[in-house]
file data_14.txt (compact mmCIF, C-alpha atoms and all ligand atoms)
# COMPACT_ATOMS: atom_id res chain seq x y z
CA MET A 1 157.02 9.22 111.26
CA SER A 2 153.96 11.42 110.83
CA ALA A 3 150.67 10.09 109.45
CA HIS A 4 149.63 13.62 108.56
CA PRO A 5 149.48 14.04 104.79
CA LYS A 6 151.55 17.24 104.61
CA SER A 7 152.61 16.44 101.09
CA ALA A 8 149.08 15.79 99.77
CA ALA A 9 148.10 18.16 96.98
CA ALA A 10 145.85 20.84 98.42
CA ARG A 11 142.15 20.34 97.75
CA SER A 12 139.20 22.25 99.08
CA PRO A 13 137.75 21.00 102.35
CA VAL A 14 134.55 19.02 101.92
CA THR A 15 131.73 20.79 103.73
CA VAL A 16 128.05 20.09 104.34
CA PRO A 17 126.96 22.61 101.66
CA ARG A 18 129.42 20.95 99.27
CA LEU A 19 127.67 17.59 99.80
CA PHE A 20 124.36 19.22 98.82
CA GLU A 21 126.03 20.70 95.72
CA MET A 22 127.35 17.26 94.81
CA LYS A 23 123.86 15.77 95.05
CA ALA A 24 122.43 18.56 92.90
CA ALA A 25 125.19 18.08 90.30
CA GLY A 26 124.86 14.28 90.27
CA GLU A 27 128.48 13.91 91.52
CA LYS A 28 128.83 10.73 93.56
CA ILE A 29 130.03 11.12 97.17
CA VAL A 30 132.84 8.75 98.18
CA MET A 31 132.75 7.80 101.86
CA LEU A 32 134.89 5.26 103.68
CA THR A 33 135.46 4.33 107.31
CA ALA A 34 138.78 4.86 109.09
CA TYR A 35 139.76 4.29 112.71
CA ASP A 36 143.30 5.70 112.94
CA ALA A 37 145.53 8.42 111.53
CA GLY A 38 147.39 6.10 109.13
CA PHE A 39 144.30 4.90 107.26
CA ALA A 40 142.82 8.40 107.45
CA ALA A 41 145.90 9.73 105.64
CA GLN A 42 145.41 7.07 102.95
CA CYS A 43 141.80 8.24 102.51
CA GLU A 44 143.01 11.84 102.34
CA ALA A 45 145.56 11.03 99.65
CA ALA A 46 143.07 8.97 97.60
CA GLY A 47 140.57 11.84 97.42
CA VAL A 48 137.85 10.35 99.63
CA ASP A 49 135.13 12.96 100.30
CA VAL A 50 133.80 11.82 103.69
CA VAL A 51 135.56 9.71 106.33
CA LEU A 52 133.38 7.93 108.86
CA VAL A 53 134.68 6.79 112.23
CA GLY A 54 132.10 4.04 112.48
CA ASP A 55 131.21 2.12 115.59
CA SER A 56 131.99 -0.82 113.29
CA LEU A 57 135.37 -0.40 115.00
CA GLY A 58 133.81 -2.63 117.64
CA ASN A 59 133.79 -5.46 115.09
CA VAL A 60 136.89 -4.84 113.00
CA VAL A 61 139.30 -3.21 115.48
CA GLN A 62 138.15 -4.60 118.83
CA GLY A 63 137.09 -8.04 117.55
CA ARG A 64 133.68 -7.91 119.18
CA GLU A 65 130.52 -9.68 117.99
CA ASN A 66 128.58 -6.45 117.43
CA THR A 67 128.82 -2.68 117.91
CA LEU A 68 126.92 -2.54 121.20
CA PRO A 69 129.92 -2.55 123.60
CA VAL A 70 131.61 0.42 121.87
CA THR A 71 131.83 3.37 124.25
CA LEU A 72 131.81 7.11 123.72
CA ASP A 73 135.41 7.20 125.01
CA ASP A 74 136.35 4.69 122.27
CA MET A 75 134.72 6.89 119.63
CA VAL A 76 136.38 10.08 120.90
CA TYR A 77 139.78 8.36 120.97
CA HIS A 78 139.49 6.99 117.41
CA SER A 79 137.93 10.18 115.99
CA ALA A 80 140.76 12.30 117.35
CA ALA A 81 143.28 9.88 115.83
CA VAL A 82 141.54 9.97 112.44
CA LYS A 83 141.29 13.77 112.56
CA ARG A 84 145.09 13.97 112.81
CA GLY A 85 145.37 12.17 109.46
CA LEU A 86 142.88 14.36 107.59
CA VAL A 87 142.85 17.76 105.95
CA ALA A 88 140.10 17.92 103.30
CA PRO A 89 137.56 15.13 103.90
CA LEU A 90 134.53 15.79 106.09
CA LEU A 91 134.87 13.80 109.33
CA VAL A 92 131.74 12.03 110.58
CA ALA A 93 131.73 10.12 113.88
CA ASP A 94 129.21 7.57 115.12
CA LEU A 95 127.29 8.09 118.33
CA PRO A 96 127.49 4.64 119.93
CA PHE A 97 124.67 2.60 121.48
CA MET A 98 122.59 4.51 124.08
CA THR A 99 124.58 7.74 123.78
CA TYR A 100 121.65 9.52 122.10
CA ARG A 101 118.80 7.90 124.05
CA ASP A 102 117.42 11.32 125.01
CA ILE A 103 118.08 14.87 123.95
CA ASP A 104 120.38 15.82 126.80
CA THR A 105 122.52 12.70 126.42
CA ALA A 106 122.70 13.20 122.64
CA LEU A 107 123.86 16.81 123.06
CA ARG A 108 126.52 15.90 125.63
CA SER A 109 127.78 12.93 123.61
CA SER A 110 127.89 14.93 120.38
CA ALA A 111 129.72 17.80 122.07
CA ARG A 112 132.52 15.34 122.95
CA LEU A 113 132.71 13.93 119.40
CA VAL A 114 132.93 17.44 117.95
CA ALA A 115 135.11 19.20 120.54
CA GLU A 116 137.45 16.34 121.52
CA GLY A 117 137.13 14.04 118.50
CA GLY A 118 137.23 16.76 115.83
CA ALA A 119 134.09 15.49 114.06
CA ALA A 120 132.21 17.88 111.77
CA MET A 121 129.09 15.70 111.82
CA VAL A 122 127.69 13.02 114.13
CA LYS A 123 125.84 9.90 112.98
CA LEU A 124 123.01 8.13 114.77
CA GLU A 125 120.72 5.24 113.90
CA GLY A 126 116.96 5.12 113.46
CA ALA A 127 113.99 7.51 113.40
CA ASP A 128 111.07 7.49 115.88
CA TYR A 129 112.31 8.85 119.25
CA VAL A 130 115.68 9.70 117.61
CA LEU A 131 113.97 12.51 115.65
CA ASP A 132 113.99 14.71 118.78
CA ALA A 133 117.77 14.31 119.11
CA ILE A 134 118.29 15.08 115.41
CA HIS A 135 116.20 18.23 115.75
CA ALA A 136 117.98 19.36 118.92
CA LEU A 137 121.43 18.83 117.38
CA ASP A 138 120.48 20.61 114.17
CA ARG A 139 119.11 23.57 116.14
CA ARG A 140 122.50 23.79 117.88
CA GLN A 141 124.33 23.77 114.54
CA VAL A 142 125.69 20.23 114.82
CA PRO A 143 125.22 18.52 111.45
CA VAL A 144 123.65 15.07 111.71
CA CYS A 145 123.95 11.99 109.53
CA ALA A 146 120.97 9.67 110.01
CA HIS A 147 121.16 5.92 109.32
CA LEU A 148 118.21 3.74 108.26
CA GLY A 149 117.66 0.19 107.02
CA LEU A 150 119.92 -2.34 108.67
CA THR A 151 120.90 -0.35 111.74
CA PRO A 152 123.47 -2.54 113.53
CA GLN A 153 122.66 -1.18 117.00
CA SER A 154 119.21 -2.84 116.57
CA VAL A 155 120.71 -6.28 115.91
CA HIS A 156 118.83 -7.94 118.77
CA LYS A 157 115.44 -6.53 117.66
CA PHE A 158 116.14 -7.60 114.06
CA GLY A 159 117.30 -11.05 115.17
CA GLY A 160 120.49 -10.76 113.11
CA TYR A 161 121.92 -8.72 110.26
CA ARG A 162 119.12 -8.92 107.69
CA VAL A 163 118.16 -6.92 104.62
CA GLN A 164 115.40 -4.45 105.59
CA GLY A 165 112.45 -2.99 103.68
CA LYS A 166 111.60 -6.11 101.72
CA THR A 167 107.83 -6.07 102.25
CA ARG A 168 105.60 -3.29 101.02
CA SER A 169 104.75 -2.10 104.52
CA ALA A 170 108.40 -2.17 105.61
CA ALA A 171 109.38 -0.19 102.50
CA GLU A 172 106.65 2.40 103.18
CA ARG A 173 107.87 2.70 106.78
CA LEU A 174 111.44 3.35 105.59
CA ILE A 175 110.29 5.99 103.10
CA ALA A 176 108.32 7.72 105.86
CA ASP A 177 111.30 7.48 108.25
CA ALA A 178 113.64 8.95 105.62
CA GLN A 179 111.31 11.91 105.12
CA ALA A 180 111.03 12.31 108.89
CA VAL A 181 114.80 12.43 109.50
CA GLU A 182 115.17 15.00 106.72
CA GLN A 183 112.38 17.08 108.22
CA ALA A 184 113.94 16.80 111.69
CA GLY A 185 117.13 18.38 110.33
CA ALA A 186 119.48 15.59 109.23
CA SER A 187 122.03 16.70 106.62
CA LEU A 188 123.02 13.25 105.32
CA LEU A 189 121.42 9.79 105.39
CA VAL A 190 123.09 6.37 105.28
CA LEU A 191 120.87 3.65 103.78
CA GLU A 192 122.13 0.19 104.73
CA CYS A 193 121.07 -3.17 103.27
CA MET A 194 117.77 -2.56 101.54
CA PRO A 195 116.46 -3.26 98.05
CA ALA A 196 118.19 -1.04 95.47
CA ALA A 197 114.82 0.09 94.09
CA LEU A 198 113.73 1.30 97.52
CA ALA A 199 116.98 3.24 98.07
CA LYS A 200 116.50 4.82 94.64
CA THR A 201 112.97 5.95 95.58
CA ILE A 202 114.19 7.40 98.89
CA THR A 203 117.12 9.17 97.20
CA ALA A 204 114.82 10.78 94.62
CA ALA A 205 112.36 11.88 97.30
CA LEU A 206 114.91 13.65 99.52
CA ARG A 207 116.75 16.95 99.35
CA ILE A 208 119.57 15.62 101.57
CA PRO A 209 122.20 13.31 100.06
CA THR A 210 121.92 9.56 100.66
CA ILE A 211 124.91 7.25 101.08
CA GLY A 212 124.36 3.58 100.35
CA ILE A 213 125.92 0.43 101.75
CA GLY A 214 124.21 -2.59 100.27
CA ALA A 215 121.57 -0.21 98.87
CA GLY A 216 122.36 -0.15 95.16
CA VAL A 217 124.07 2.24 92.80
CA ASP A 218 121.42 4.96 92.75
CA CYS A 219 122.23 6.49 96.14
CA ASP A 220 124.02 9.85 96.03
CA GLY A 221 127.19 8.21 97.35
CA GLN A 222 128.59 4.99 98.79
CA VAL A 223 130.29 3.94 102.01
CA LEU A 224 132.17 0.77 102.94
CA VAL A 225 134.00 -0.42 106.02
CA ILE A 226 137.66 -0.05 105.03
CA TYR A 227 138.58 -3.50 106.36
CA ASP A 228 135.90 -5.05 104.10
CA MET A 229 137.09 -3.26 100.96
CA LEU A 230 140.70 -4.23 101.67
CA GLY A 231 139.64 -7.86 102.12
CA ILE A 232 141.06 -8.06 105.65
CA THR A 233 137.81 -8.58 107.58
CA PRO A 234 138.01 -11.89 109.41
CA GLY A 235 135.43 -14.39 108.12
CA ARG A 236 133.15 -13.97 105.15
CA ARG A 237 133.14 -10.62 103.32
CA PRO A 238 129.63 -9.09 103.15
CA LYS A 239 127.85 -9.51 99.78
CA PHE A 240 127.64 -5.73 99.36
CA SER A 241 131.41 -5.23 99.56
CA ARG A 242 134.22 -5.85 97.09
CA ASP A 243 137.91 -6.55 97.71
CA PHE A 244 139.54 -3.56 96.02
CA LEU A 245 143.02 -4.59 97.20
CA ALA A 246 142.89 -7.71 95.02
CA GLY A 247 144.65 -6.84 91.79
CA THR A 248 146.30 -3.67 93.10
CA ASP A 249 149.72 -3.17 94.67
CA SER A 250 148.94 -0.97 97.65
CA VAL A 251 146.30 0.24 100.06
CA ALA A 252 146.54 3.66 98.40
CA ASP A 253 145.74 2.18 94.97
CA ALA A 254 142.89 0.09 96.40
CA ILE A 255 141.24 3.18 97.92
CA LYS A 256 141.75 5.09 94.66
CA ALA A 257 140.14 2.20 92.75
CA TYR A 258 137.17 2.28 95.16
CA ALA A 259 136.79 6.06 94.73
CA ARG A 260 136.97 5.72 90.95
CA ALA A 261 134.43 2.88 90.90
CA VAL A 262 131.96 4.85 93.03
CA ARG A 263 132.36 7.96 90.87
CA ASN A 264 131.93 6.11 87.57
CA ARG A 265 129.05 4.01 89.01
CA SER A 266 130.76 0.68 88.35
CA PHE A 267 130.46 -0.05 92.10
CA PRO A 268 128.18 -1.34 93.49
CA GLY A 269 127.14 -3.73 90.75
CA PRO A 270 123.99 -5.87 90.81
CA GLU A 271 126.02 -8.63 92.51
CA HIS A 272 126.59 -6.28 95.50
CA SER A 273 122.94 -5.22 95.70
CA PHE A 274 119.64 -6.63 96.94
O1 LIG B 1 129.75 1.79 111.78
C1 LIG B 1 129.90 1.89 110.56
O2 LIG B 1 130.97 1.66 110.00
C2 LIG B 1 128.74 2.27 109.77
C3 LIG B 1 128.81 2.11 108.29
C4 LIG B 1 128.76 0.69 107.94
C5 LIG B 1 127.80 2.90 107.57
O3 LIG B 1 127.75 2.67 110.30

call {"tool": "encode", "arguments": {"input": "data_14.txt", "output": "structure tokens"}}
result
Amino acid sequence: MSAHPKSAAARSPVTVPRLFEMKAAGEKIVMLTAYDAGFAAQCEAAGVDVVLVGDSLGNVVQGRENTLPVTLDDMVYHSAAVKRGLVAPLLVADLPFMTYRDIDTALRSSARLVAEGGAAMVKLEGADYVLDAIHALDRRQVPVCAHLGLTPQSVHKFGGYRVQGKTRSAAERLIADAQAVEQAGASLLVLECMPAALAKTITAALRIPTIGIGAGVDCDGQVLVIYDMLGITPGRRPKFSRDFLAGTDSVADAIKAYARAVRNRSFPGPEHSF
């Protein structure tokens, strides 16, 4: 049996310029993680715009405590699998821990995600020294998704998974970092677990689209870990997620309900925000 959605109605491929058009038009961007061809095909069929092969696969697929043990080989393997299930959505793949620690390493790692994994964009966490890698990738025509706020690869520095940007100085730092990643050449920015008002300010200040997860409804789009939104994550579901499978009959309907809720702004609600 093939996971490839040959029968899916044709739709135009989602491109980086298209994401900018969506921001300008106020059209919400629907992003979801996938780790294999089967779930990728479900995202394809449900009209998801961007599919992220997140290093969250360390948690939800590999059963690890955090994302730090995920390797570049893991990411290439899962990205290539997801690519086989996709036609239209833009494929973004995470650069795992320490694979973008300097420019040369970032370029080599990203080349593998693009050439072997089929990714159209690579994602990395943070600002500061990471700005050099963003700039180098952008100069070499590799689109970059930055990621600020609760950046899971910094879990040990944060002392756990905590909402970021709650004090005035932390909020100002995040605004400055967001402007810096845009200036360095990022094409997309994930904002994770921060006050909704702060994410709104950042979104309004930037030309590049923002994608929220636990960052309120005013980001240009939303992303969730697919296991969380299907209610199959072991343990407690994060506050910022919702079980879209509850009350529907199939994974396909759950993903469609998520896409609809993002587009009509009914998700995330205040109960999913900080
Ligand atoms: O790894 C991941 O799935 C992510 C999303 C939660 C944004 O980075």

call {"tool": "closest_residue", "arguments": {"input": "data_14.txt", "among": "A:Lys157, A:Arg108, A:Arg101, A:Lys166", "to": "Leu131 in chain A", "atoms": "only C-alpha atoms"}}
result
A:Arg101

call {"tool": "closest_residue", "arguments": {"input": "data_14.txt", "among": "A:Ile175, A:Val60, A:Val223, A:Leu188", "to": "Lys200 in chain A", "atoms": "only C-alpha atoms"}}
result
A:Ile175

call {"tool": "axis_aligned_box", "arguments": {"input": "data_14.txt", "around": "ligand LIG 1 (chain B)", "padding_each_side": "4 Å", "output": "JSON"}}
result
{"center_x": 129.4, "center_y": 1.8, "center_z": 109.7, "size_x": 11.2, "size_y": 10.2, "size_z": 12.2}

call {"tool": "closest_residue", "arguments": {"input": "data_14.txt", "among": "A:Ala184, A:Leu91, A:Val16, A:Ile211", "to": "ligand LIG 1 (chain B)", "atoms": "all atoms listed in the file"}}
result
A:Ile211

call {"tool": "closest_residue", "arguments": {"input": "data_14.txt", "among": "A:Arg242, A:His147, A:Lys83, A:Arg139", "to": "ligand LIG 1 (chain B)", "atoms": "all atoms listed in the file"}}
result
A:His147

call {"tool": "residues_near_ligand", "arguments": {"input": "data_14.txt", "ligand": "ligand LIG 1 (chain B)", "cutoff": "10 Å", "atoms": "all atoms listed in the file", "output": "number ranges by chain"}}
result
A: 31-35, 51-60, 67, 93-96, 123-125, 146-148, 150-153, 189-193, 211-214, 222-228

call {"tool": "closest_residue", "arguments": {"input": "data_14.txt", "among": "A:Val130, A:Tyr77, A:Gly149, A:Ala88", "to": "Gly117 in chain A", "atoms": "all atoms listed in the file"}}
result
A:Tyr77

call {"tool": "residues_around", "arguments": {"input": "data_14.txt", "residues": "Ala199 in chain A", "least_positions_apart": "2", "cutoff": "8 Å", "atoms": "only C-alpha atoms", "output": "ChimeraX atom specification"}}
result
/A:191,194-197,201-203,212,215-216,218-219

call {"tool": "write_last_selection", "arguments": {"input": "data_14.txt", "atoms": "C-alpha atoms", "output": "PDB file, keeping the file's coordinate frame"}}
result
ATOM      1  CA  LEU A 191     120.870   3.650 103.780  1.00  0.00           C
ATOM      2  CA  MET A 194     117.770  -2.560 101.540  1.00  0.00           C
ATOM      3  CA  PRO A 195     116.460  -3.260  98.050  1.00  0.00           C
ATOM      4  CA  ALA A 196     118.190  -1.040  95.470  1.00  0.00           C
ATOM      5  CA  ALA A 197     114.820   0.090  94.090  1.00  0.00           C
ATOM      6  CA  THR A 201     112.970   5.950  95.580  1.00  0.00           C
ATOM      7  CA  ILE A 202     114.190   7.400  98.890  1.00  0.00           C
ATOM      8  CA  THR A 203     117.120   9.170  97.200  1.00  0.00           C
ATOM      9  CA  GLY A 212     124.360   3.580 100.350  1.00  0.00           C
ATOM     10  CA  ALA A 215     121.570  -0.210  98.870  1.00  0.00           C
ATOM     11  CA  GLY A 216     122.360  -0.150  95.160  1.00  0.00           C
ATOM     12  CA  ASP A 218     121.420   4.960  92.750  1.00  0.00           C
ATOM     13  CA  CYS A 219     122.230   6.490  96.140  1.00  0.00           C
TER      14      CYS A 219
END
